[in-house]
Amino acid sequence: MIDSTDQKVPHTCPPEGVVGWRSPSNIALIKYWGKQPQREQLPANPSLSFTLSHAFTDMWLYWSKRTQADDPIELKLYFEGRPADNFRKRIYDFMLRLLPEMPFLGEYAITIHTRNSFPHSAGIASSASAMSALALCLVEWKYRCRRAVFDLHQHYREVSNLARRASGSACRSVVPQVALWGAHPNVSEASDSYAIPLAKAYRDFAELWKDLILIVDQSPKSISSSQGHALMESHPYAATRYQQATEHLSVLLKAMKEGDVETFGRVVEAEALTLHALMMCSPTPYLLIKPQTLEVIDAIQNWRRTRDLPMYFTLDAGPNVHLLYPQAYEAEIWEFLATALPTFYRNPSRYLADEVGHGPQPLEAQDA
Ligand code: DP6
């Protein structure tokens with residue numbers, strides 16, 4: 001969605017300035033896996049996620065007078081204090097695409113400082129938090145140039161839309177607690193272009209949940225998410241899968257509204273296994289889970305059966321396991337970890353205890 005007023009409003013940015021945002025990661029319960037062909041990052045099916053709290057990216061974007069003129073965008077990027085070339089290139093390419101609608105990007109020297117709350121190598125998806133933080137910084141900068149007030153609550157659709165164009169799942173991170181992205185027949189305001197918040201009953205349900213991320217493997221993935229999405233274009237089960245995601249979403253929304261934890265857990269686990277099954281039977285089959293992923297899943301399912309506890313797993317596009325449970329069961333979950341998965345329990349670098357959170361927060365310049 002290009003804001004049609006962009007062309008009309010002159011950009012008279014302050015000569016220098018800084019904007020900063022903390023933006024969280026999110027974990028999909030209904031998975032976005034496949035894009036609409038030939039469209040700019042529109043999803044092939046609707047998805048739904050919990051917004052996390054402790055796994056986040058902090059980003060500050062500084063602008064000042066340009067010092068060189070040979071590049072269309074003058075950009076320096078520091079990740080945890082050091083220049084990060086790959087990440088810089090990804091953001092540079094994105095900004096280049098945005099130049100026609102955000103001409104101020106080419107008029108200033110831009111320096112970005114960014115860091116994650118979780119270890120870079122932990123294998124936790126960081127593009128959702130990083131790209132949503134970037135979208136927040138860019139949209140707030142745009143409002144500063146217009147001498148207008150930026151209010152995330154009011155402008156979240158614009159931010160979410162921009163975040164989506166940087167990385168699909170990032171569009172969900174700007175919405176507190178629980179986000180729905182993608183058109184769905186039962187939710188009239190749902191859109192393929194941006195994520196939306198849900199009504200109070202769903203937010204209240206989401207607020208109850210915690211996510212213990214169990215880090216099975218930290219090595220880089222053999223196939224990126226973008227490659228995985230592309231493989232869905234010629235996947236023999238694509239049409240059935242997109243239909244199933246829409247149906248799963250209906251069942252999940254009903255379960256959340258009614259507080260039906262068992263149905264919720266069943267659909268969440270079905271989505272995780274379906275995601276990895278799609279990878280295994282894609283035109284170029286591949287495997288992102290590891291033997292220990294299955295051991296952890298087995299331990300969770302056994303413990304749930306024998307102790308009758310509401311504990312469920314989900315997976316993103318990698319081997320790490322997200323253990324979801326209502327916060328009332330905190331003590332039982334730590335007992336489970338200590339007893340059934342002691343190698344994780346004894347090594348705090350192998351887990352990240354997270355919970356459903358309240359979305360992005362602005363940062364002060366002096367925090368940088
Ligand atoms: C498995 O959002 O990382 O985590 O849009 O190409 O940047 P791009 O992909 P990305 O895909 C995320 C896939 C997923 C499922 C999900 O988050 O819904």
# chains A, B, ... in the order shown; residues from 1 in each chain; ligands from 1
$ residues_near_ligand --ligand "ligand 1" --cutoff "6 Å" --atoms "only C-alpha atoms and all ligand atoms" --output "VMD selection string"
chain A and resid 28 31 to 33 47 167 to 169 225 to 226 316 to 317
$ select_by_dssp --residues "region 160-249 of chain A" --states "helix (DSSP H, G or I)" --output "ChimeraX atom specification"
/A:160-166,168-172,200-207,225-234,238-249
$ closest_atom_pairs --of "region 19-113 of chain A" --to "region 241-244 of chain A" --cutoff "9 Å" --atoms "only C-alpha atoms" --output "Markdown table"
| residue | atom | partner | partner_atom | distance |
| --- | --- | --- | --- | --- |
| A:Trp33 | CA | A:Tyr242 | CA | 8.7 |
| A:Gly34 | CA | A:Tyr242 | CA | 8.4 |
| A:Ala44 | CA | A:Tyr242 | CA | 6.6 |
| A:Asn45 | CA | A:Tyr242 | CA | 5.3 |
| A:Pro46 | CA | A:Tyr242 | CA | 8.3 |
$ residues_around --residues "region 40-43 of chain A" --least-positions-apart "6" --cutoff "12 Å" --atoms "only C-alpha atoms" --output "VMD selection string"
chain A and resid 1 to 2 31 to 34 97 161 to 171 180 to 184 191 to 195 226 229 to 230 232 to 233 242 245 to 246
$ closest_residue --among "A:Glu158, A:Glu207, A:Asp93, A:Glu269" --to "Val174 (chain A)" --atoms "only C-alpha atoms"
A:Glu158
$ closest_residue --among "A:Thr263, A:Ser282, A:Gln361, A:Thr343" --to "Tyr312 (chain A)" --atoms "only C-alpha atoms"
A:Thr263
$ residues_around --residues "Pro285 (chain A)" --least-positions-apart "5" --cutoff "12 Å" --atoms "only C-alpha atoms" --output "list in words"
Ser222, Ile223, Gly228, Leu231, Met232, His235, Pro236, His276, Ala277, Leu278, Met279 and Met280 of chain A
$ write_last_selection --atoms "C-alpha atoms" --output "PDB file, in the first residue's frame"
ATOM      1  CA  SER A 222      20.427 -25.003   5.023  1.00  0.00           C
ATOM      2  CA  ILE A 223      17.334 -23.477   3.357  1.00  0.00           C
ATOM      3  CA  GLY A 228      11.036 -22.347   1.548  1.00  0.00           C
ATOM      4  CA  LEU A 231       9.313 -23.929  -3.072  1.00  0.00           C
ATOM      5  CA  MET A 232       5.609 -23.759  -2.194  1.00  0.00           C
ATOM      6  CA  HIS A 235       4.433 -27.817  -4.268  1.00  0.00           C
ATOM      7  CA  PRO A 236       2.008 -30.658  -5.096  1.00  0.00           C
ATOM      8  CA  HIS A 276       7.799 -29.467   8.434  1.00  0.00           C
ATOM      9  CA  ALA A 277       5.896 -32.145   6.505  1.00  0.00           C
ATOM     10  CA  LEU A 278       5.540 -29.639   3.645  1.00  0.00           C
ATOM     11  CA  MET A 279       9.312 -29.186   3.641  1.00  0.00           C
ATOM     12  CA  MET A 280       9.902 -32.928   3.611  1.00  0.00           C
TER      13      MET A 280
END
$ atom_distance --atom1 "CA of Val18 (chain A)" --atom2 "CA of Ser129 (chain A)"
19.1 Å
$ select_by_dssp --residues "region 141-223 of chain A" --states "strand (DSSP E)" --output "ChimeraX atom specification"
/A:178-181,195-197,209-214
$ write_last_selection --atoms "N, CA and C atoms" --output "short mmCIF file (atom, residue, chain, number, x, y, z; two decimals), in the first residue's frame"
data_model
loop_
_atom_site.label_atom_id
_atom_site.label_comp_id
_atom_site.auth_asym_id
_atom_site.auth_seq_id
_atom_site.Cartn_x
_atom_site.Cartn_y
_atom_site.Cartn_z
N VAL A 178 -1.78 -10.72 20.16
CA VAL A 178 -2.10 -11.72 19.13
C VAL A 178 -2.44 -11.00 17.83
N ALA A 179 -1.80 -11.45 16.75
CA ALA A 179 -1.94 -10.74 15.47
C ALA A 179 -2.47 -11.68 14.40
N LEU A 180 -3.35 -11.16 13.56
CA LEU A 180 -3.88 -11.92 12.43
C LEU A 180 -3.48 -11.21 11.15
N TRP A 181 -2.84 -11.95 10.27
CA TRP A 181 -2.40 -11.37 8.98
C TRP A 181 -2.95 -12.24 7.85
N ALA A 195 -1.12 -6.76 9.35
CA ALA A 195 -1.70 -7.55 10.44
C ALA A 195 -2.66 -6.69 11.25
N ILE A 196 -3.64 -7.35 11.85
CA ILE A 196 -4.61 -6.61 12.69
C ILE A 196 -4.67 -7.23 14.09
N PRO A 197 -5.04 -6.41 15.08
CA PRO A 197 -5.28 -6.98 16.42
C PRO A 197 -6.64 -7.68 16.44
N TRP A 209 -0.54 -17.01 28.04
CA TRP A 209 0.43 -17.99 27.58
C TRP A 209 1.88 -17.56 27.73
N LYS A 210 2.70 -18.57 28.00
CA LYS A 210 4.15 -18.39 28.01
C LYS A 210 4.76 -19.28 26.94
N ASP A 211 5.97 -18.93 26.54
CA ASP A 211 6.66 -19.67 25.47
C ASP A 211 8.09 -19.92 25.94
N LEU A 212 8.39 -21.18 26.23
CA LEU A 212 9.76 -21.54 26.60
C LEU A 212 10.44 -22.07 25.34
N ILE A 213 11.39 -21.28 24.83
CA ILE A 213 12.02 -21.65 23.56
C ILE A 213 13.23 -22.54 23.86
N LEU A 214 13.18 -23.77 23.37
CA LEU A 214 14.24 -24.74 23.65
C LEU A 214 15.17 -24.80 22.44
#
$ residues_around --residues "Gln177 (chain A)" --least-positions-apart "3" --cutoff "10 Å" --atoms "only C-alpha atoms" --output "PDB file with N, CA, C and O atoms, in the first residue's frame"
ATOM      1  N   ASN A  26       7.839 -12.756  17.066  1.00  0.00           N
ATOM      2  CA  ASN A  26       6.525 -13.376  17.292  1.00  0.00           C
ATOM      3  C   ASN A  26       6.615 -14.839  16.921  1.00  0.00           C
ATOM      4  O   ASN A  26       7.503 -15.251  16.178  1.00  0.00           O
ATOM      5  N   SER A  49      -0.385 -15.165  15.079  1.00  0.00           N
ATOM      6  CA  SER A  49       0.783 -15.358  15.959  1.00  0.00           C
ATOM      7  C   SER A  49       0.575 -14.716  17.318  1.00  0.00           C
ATOM      8  O   SER A  49      -0.216 -13.783  17.474  1.00  0.00           O
ATOM      9  N   PHE A  50       1.319 -15.228  18.290  1.00  0.00           N
ATOM     10  CA  PHE A  50       1.470 -14.560  19.569  1.00  0.00           C
ATOM     11  C   PHE A  50       2.669 -13.609  19.435  1.00  0.00           C
ATOM     12  O   PHE A  50       3.734 -14.010  18.913  1.00  0.00           O
ATOM     13  N   THR A  51       2.507 -12.397  19.906  1.00  0.00           N
ATOM     14  CA  THR A  51       3.612 -11.443  19.959  1.00  0.00           C
ATOM     15  C   THR A  51       4.404 -11.742  21.227  1.00  0.00           C
ATOM     16  O   THR A  51       3.819 -11.886  22.300  1.00  0.00           O
ATOM     17  N   LEU A  52       5.717 -11.853  21.096  1.00  0.00           N
ATOM     18  CA  LEU A  52       6.531 -12.213  22.264  1.00  0.00           C
ATOM     19  C   LEU A  52       6.972 -10.955  23.009  1.00  0.00           C
ATOM     20  O   LEU A  52       6.643  -9.826  22.618  1.00  0.00           O
ATOM     21  N   SER A  53       7.722 -11.166  24.082  1.00  0.00           N
ATOM     22  CA  SER A  53       8.081 -10.036  24.931  1.00  0.00           C
ATOM     23  C   SER A  53       9.596  -9.903  25.093  1.00  0.00           C
ATOM     24  O   SER A  53      10.168  -8.849  24.841  1.00  0.00           O
ATOM     25  N   ARG A 172       3.431  -8.943  11.721  1.00  0.00           N
ATOM     26  CA  ARG A 172       2.623  -9.323  12.891  1.00  0.00           C
ATOM     27  C   ARG A 172       3.219  -8.794  14.188  1.00  0.00           C
ATOM     28  O   ARG A 172       2.531  -8.712  15.206  1.00  0.00           O
ATOM     29  N   SER A 173       4.530  -8.465  14.184  1.00  0.00           N
ATOM     30  CA  SER A 173       5.197  -8.075  15.436  1.00  0.00           C
ATOM     31  C   SER A 173       4.758  -6.714  15.958  1.00  0.00           C
ATOM     32  O   SER A 173       5.008  -6.397  17.114  1.00  0.00           O
ATOM     33  N   VAL A 174       4.128  -5.877  15.111  1.00  0.00           N
ATOM     34  CA  VAL A 174       3.764  -4.537  15.587  1.00  0.00           C
ATOM     35  C   VAL A 174       2.435  -4.551  16.350  1.00  0.00           C
ATOM     36  O   VAL A 174       2.029  -3.536  16.901  1.00  0.00           O
ATOM     37  N   PRO A 197      -5.044  -6.414  15.081  1.00  0.00           N
ATOM     38  CA  PRO A 197      -5.283  -6.981  16.416  1.00  0.00           C
ATOM     39  C   PRO A 197      -6.636  -7.676  16.443  1.00  0.00           C
ATOM     40  O   PRO A 197      -7.472  -7.450  15.570  1.00  0.00           O
ATOM     41  N   LEU A 198      -6.856  -8.501  17.461  1.00  0.00           N
ATOM     42  CA  LEU A 198      -8.147  -9.185  17.581  1.00  0.00           C
ATOM     43  C   LEU A 198      -8.918  -8.633  18.780  1.00  0.00           C
ATOM     44  O   LEU A 198      -8.373  -7.890  19.600  1.00  0.00           O
ATOM     45  N   TYR A 202      -9.961 -12.678  22.567  1.00  0.00           N
ATOM     46  CA  TYR A 202      -8.782 -13.373  22.032  1.00  0.00           C
ATOM     47  C   TYR A 202      -7.515 -12.868  22.721  1.00  0.00           C
ATOM     48  O   TYR A 202      -6.596 -13.632  23.007  1.00  0.00           O
ATOM     49  N   ARG A 203      -7.484 -11.557  22.978  1.00  0.00           N
ATOM     50  CA  ARG A 203      -6.290 -10.988  23.645  1.00  0.00           C
ATOM     51  C   ARG A 203      -6.185 -11.532  25.066  1.00  0.00           C
ATOM     52  O   ARG A 203      -5.102 -11.850  25.551  1.00  0.00           O
ATOM     53  N   ASP A 204      -7.331 -11.654  25.738  1.00  0.00           N
ATOM     54  CA  ASP A 204      -7.331 -12.187  27.104  1.00  0.00           C
ATOM     55  C   ASP A 204      -6.818 -13.624  27.111  1.00  0.00           C
ATOM     56  O   ASP A 204      -6.059 -14.021  27.997  1.00  0.00           O
ATOM     57  N   PHE A 205      -7.233 -14.407  26.123  1.00  0.00           N
ATOM     58  CA  PHE A 205      -6.764 -15.796  26.023  1.00  0.00           C
ATOM     59  C   PHE A 205      -5.241 -15.795  25.798  1.00  0.00           C
ATOM     60  O   PHE A 205      -4.501 -16.513  26.467  1.00  0.00           O
ATOM     61  N   ALA A 206      -4.781 -14.965  24.863  1.00  0.00           N
ATOM     62  CA  ALA A 206      -3.352 -14.939  24.509  1.00  0.00           C
ATOM     63  C   ALA A 206      -2.491 -14.559  25.716  1.00  0.00           C
ATOM     64  O   ALA A 206      -1.427 -15.137  25.951  1.00  0.00           O
ATOM     65  N   GLU A 207      -2.969 -13.574  26.483  1.00  0.00           N
ATOM     66  CA  GLU A 207      -2.215 -13.047  27.634  1.00  0.00           C
ATOM     67  C   GLU A 207      -1.811 -14.135  28.625  1.00  0.00           C
ATOM     68  O   GLU A 207      -0.879 -13.981  29.401  1.00  0.00           O
ATOM     69  N   LEU A 208      -2.560 -15.248  28.619  1.00  0.00           N
ATOM     70  CA  LEU A 208      -2.305 -16.302  29.606  1.00  0.00           C
ATOM     71  C   LEU A 208      -1.062 -17.123  29.291  1.00  0.00           C
ATOM     72  O   LEU A 208      -0.574 -17.848  30.142  1.00  0.00           O
ATOM     73  N   TRP A 209      -0.540 -17.009  28.045  1.00  0.00           N
ATOM     74  CA  TRP A 209       0.431 -17.990  27.584  1.00  0.00           C
ATOM     75  C   TRP A 209       1.883 -17.564  27.728  1.00  0.00           C
ATOM     76  O   TRP A 209       2.225 -16.402  27.590  1.00  0.00           O
ATOM     77  N   GLU A 355       7.208 -14.818  26.967  1.00  0.00           N
ATOM     78  CA  GLU A 355       5.769 -14.787  27.240  1.00  0.00           C
ATOM     79  C   GLU A 355       5.102 -13.854  26.241  1.00  0.00           C
ATOM     80  O   GLU A 355       5.791 -13.111  25.531  1.00  0.00           O
ATOM     81  N   VAL A 356       3.786 -13.883  26.210  1.00  0.00           N
ATOM     82  CA  VAL A 356       3.065 -13.004  25.293  1.00  0.00           C
ATOM     83  C   VAL A 356       3.234 -11.562  25.776  1.00  0.00           C
ATOM     84  O   VAL A 356       3.152 -11.276  26.974  1.00  0.00           O
ATOM     85  N   GLY A 357       3.517 -10.660  24.815  1.00  0.00           N
ATOM     86  CA  GLY A 357       3.870  -9.286  25.193  1.00  0.00           C
ATOM     87  C   GLY A 357       2.988  -8.232  24.551  1.00  0.00           C
ATOM     88  O   GLY A 357       2.040  -8.540  23.816  1.00  0.00           O
ATOM     89  N   HIS A 358       3.354  -6.976  24.827  1.00  0.00           N
ATOM     90  CA  HIS A 358       2.481  -5.847  24.489  1.00  0.00           C
ATOM     91  C   HIS A 358       2.913  -5.056  23.260  1.00  0.00           C
ATOM     92  O   HIS A 358       2.457  -3.940  23.041  1.00  0.00           O
ATOM     93  N   GLY A 359       3.830  -5.636  22.474  1.00  0.00           N
ATOM     94  CA  GLY A 359       4.178  -4.970  21.215  1.00  0.00           C
ATOM     95  C   GLY A 359       5.334  -3.996  21.362  1.00  0.00           C
ATOM     96  O   GLY A 359       5.968  -3.910  22.414  1.00  0.00           O
TER      97      GLY A 359
END
$ closest_atom_pairs --of "region 200-311 of chain A" --to "region 320-326 of chain A" --cutoff "12 Å" --atoms "only C-alpha atoms" --output "CSV"
residue,atom,partner,partner_atom,distance
A:Asp204,CA,A:Pro326,CA,11.8
A:Phe205,CA,A:Pro326,CA,9.3
A:Ala206,CA,A:Pro326,CA,9.1
A:Glu207,CA,A:Pro326,CA,8.8
A:Leu208,CA,A:Pro326,CA,5.3
A:Trp209,CA,A:Pro326,CA,4.4
A:Lys210,CA,A:Tyr325,CA,5.5
A:Asp211,CA,A:Leu324,CA,4.7
A:Leu212,CA,A:Leu323,CA,5.0
A:Ile213,CA,A:His322,CA,4.5
A:Leu214,CA,A:Val321,CA,5.1
A:Ile215,CA,A:Asn320,CA,5.0
A:Val216,CA,A:Asn320,CA,5.0
A:Asp217,CA,A:Asn320,CA,6.6
A:Gln218,CA,A:Asn320,CA,8.5
A:Ser219,CA,A:Asn320,CA,10.9
A:Lys221,CA,A:Asn320,CA,11.3
A:Gly259,CA,A:Pro326,CA,11.4
A:Val261,CA,A:Pro326,CA,9.2
A:Glu262,CA,A:Tyr325,CA,11.3
A:Phe264,CA,A:Leu324,CA,10.8
A:Gly265,CA,A:Leu324,CA,8.6
A:Arg266,CA,A:Leu324,CA,11.9
A:Val268,CA,A:Leu324,CA,9.5
A:Glu269,CA,A:Leu324,CA,10.2
A:Ala272,CA,A:Val321,CA,9.7
A:Leu273,CA,A:Val321,CA,11.5
A:Leu288,CA,A:Asn320,CA,9.5
A:Ile289,CA,A:Asn320,CA,7.7
A:Lys290,CA,A:Asn320,CA,8.7
A:Pro291,CA,A:Asn320,CA,11.1
A:Gln292,CA,A:Asn320,CA,9.1
A:Thr293,CA,A:Asn320,CA,6.6
A:Leu294,CA,A:Val321,CA,9.3
A:Glu295,CA,A:Val321,CA,10.4
A:Val296,CA,A:Val321,CA,7.4
A:Ile297,CA,A:Val321,CA,7.6
A:Asp298,CA,A:Val321,CA,11.3
A:Ala299,CA,A:Leu323,CA,11.0
A:Ile300,CA,A:Leu323,CA,8.0
A:Gln301,CA,A:Leu323,CA,10.7
A:Arg304,CA,A:Tyr325,CA,10.8
A:Leu309,CA,A:Tyr325,CA,8.6
A:Pro310,CA,A:Tyr325,CA,6.1
A:Met311,CA,A:Tyr325,CA,4.8
$ decode --residues "region 55-93 of chain A" --atoms "N, CA and C atoms" --output "compact mmCIF listing (two decimals), in the first residue's frame"
# COMPACT_ATOMS: atom_id res chain seq x y z
N ALA A 55 12.15 -11.66 23.59
CA ALA A 55 12.98 -11.78 22.38
C ALA A 55 12.67 -10.57 21.50
N PHE A 56 13.58 -9.59 21.49
CA PHE A 56 13.29 -8.35 20.75
C PHE A 56 14.55 -7.79 20.11
N THR A 57 14.34 -6.85 19.18
CA THR A 57 15.44 -6.09 18.57
C THR A 57 15.30 -4.64 19.01
N ASP A 58 16.42 -4.02 19.38
CA ASP A 58 16.47 -2.57 19.59
C ASP A 58 17.14 -1.97 18.36
N MET A 59 16.56 -0.90 17.85
CA MET A 59 17.16 -0.25 16.67
C MET A 59 17.05 1.26 16.79
N TRP A 60 18.17 1.94 16.48
CA TRP A 60 18.18 3.40 16.41
C TRP A 60 18.61 3.79 15.01
N LEU A 61 17.88 4.71 14.41
CA LEU A 61 18.24 5.19 13.08
C LEU A 61 18.56 6.69 13.22
N TYR A 62 19.79 7.06 12.85
CA TYR A 62 20.24 8.45 12.88
C TYR A 62 20.29 8.97 11.45
N TRP A 63 19.85 10.20 11.24
CA TRP A 63 20.08 10.80 9.93
C TRP A 63 20.80 12.14 10.11
N SER A 64 21.63 12.49 9.13
CA SER A 64 22.41 13.73 9.18
C SER A 64 22.78 14.10 7.75
N LYS A 65 23.51 15.18 7.61
CA LYS A 65 23.90 15.67 6.27
C LYS A 65 24.71 14.61 5.53
N ARG A 66 24.47 14.46 4.25
CA ARG A 66 25.24 13.48 3.46
C ARG A 66 26.69 13.90 3.35
N THR A 67 27.58 12.90 3.33
CA THR A 67 29.01 13.21 3.20
C THR A 67 29.55 12.74 1.86
N GLN A 68 28.84 11.86 1.17
CA GLN A 68 29.28 11.45 -0.16
C GLN A 68 28.06 11.30 -1.07
N ALA A 69 28.29 11.40 -2.37
CA ALA A 69 27.14 11.49 -3.28
C ALA A 69 27.04 10.34 -4.26
N ASP A 70 28.03 9.42 -4.26
CA ASP A 70 28.05 8.42 -5.32
C ASP A 70 27.03 7.29 -5.15
N ASP A 71 26.54 7.04 -3.97
CA ASP A 71 25.58 5.96 -3.72
C ASP A 71 24.18 6.58 -3.61
N PRO A 72 23.14 5.94 -4.17
CA PRO A 72 21.80 6.50 -3.99
C PRO A 72 21.38 6.55 -2.52
N ILE A 73 21.92 5.61 -1.71
CA ILE A 73 21.60 5.61 -0.26
C ILE A 73 22.93 5.56 0.48
N GLU A 74 23.12 6.49 1.41
CA GLU A 74 24.35 6.47 2.22
C GLU A 74 24.02 5.82 3.57
N LEU A 75 24.41 4.57 3.71
CA LEU A 75 23.97 3.80 4.88
C LEU A 75 25.14 3.11 5.57
N LYS A 76 25.23 3.34 6.89
CA LYS A 76 26.14 2.54 7.72
C LYS A 76 25.28 1.75 8.69
N LEU A 77 25.67 0.49 8.96
CA LEU A 77 24.87 -0.30 9.90
C LEU A 77 25.79 -1.04 10.88
N TYR A 78 25.49 -0.90 12.16
CA TYR A 78 26.28 -1.58 13.19
C TYR A 78 25.36 -2.51 13.97
N PHE A 79 25.74 -3.79 13.99
CA PHE A 79 24.99 -4.76 14.80
C PHE A 79 25.83 -5.06 16.03
N GLU A 80 25.28 -4.80 17.19
CA GLU A 80 25.99 -4.96 18.46
C GLU A 80 27.38 -4.30 18.39
N GLY A 81 27.41 -3.08 17.84
CA GLY A 81 28.63 -2.26 17.84
C GLY A 81 29.56 -2.51 16.67
N ARG A 82 29.31 -3.54 15.86
CA ARG A 82 30.23 -3.85 14.76
C ARG A 82 29.53 -3.72 13.40
N PRO A 83 30.26 -3.30 12.37
CA PRO A 83 29.64 -3.27 11.04
C PRO A 83 29.15 -4.67 10.66
N ALA A 84 27.96 -4.77 10.08
CA ALA A 84 27.40 -6.08 9.71
C ALA A 84 26.99 -6.01 8.24
N ASP A 85 27.86 -6.54 7.36
CA ASP A 85 27.69 -6.33 5.91
C ASP A 85 26.45 -6.99 5.32
N ASN A 86 26.16 -8.25 5.72
CA ASN A 86 25.01 -8.95 5.14
C ASN A 86 23.70 -8.24 5.48
N PHE A 87 23.60 -7.89 6.76
CA PHE A 87 22.39 -7.24 7.24
C PHE A 87 22.25 -5.85 6.59
N ARG A 88 23.39 -5.15 6.46
CA ARG A 88 23.38 -3.84 5.81
C ARG A 88 22.86 -3.97 4.38
N LYS A 89 23.32 -5.00 3.69
CA LYS A 89 22.92 -5.15 2.28
C LYS A 89 21.40 -5.38 2.17
N ARG A 90 20.88 -6.20 3.09
CA ARG A 90 19.44 -6.48 3.05
C ARG A 90 18.65 -5.18 3.25
N ILE A 91 19.10 -4.35 4.21
CA ILE A 91 18.38 -3.11 4.50
C ILE A 91 18.60 -2.09 3.38
N TYR A 92 19.81 -2.06 2.84
CA TYR A 92 20.13 -1.16 1.73
C TYR A 92 19.20 -1.47 0.54
N ASP A 93 19.08 -2.75 0.19
CA ASP A 93 18.24 -3.14 -0.95
C ASP A 93 16.78 -2.76 -0.71
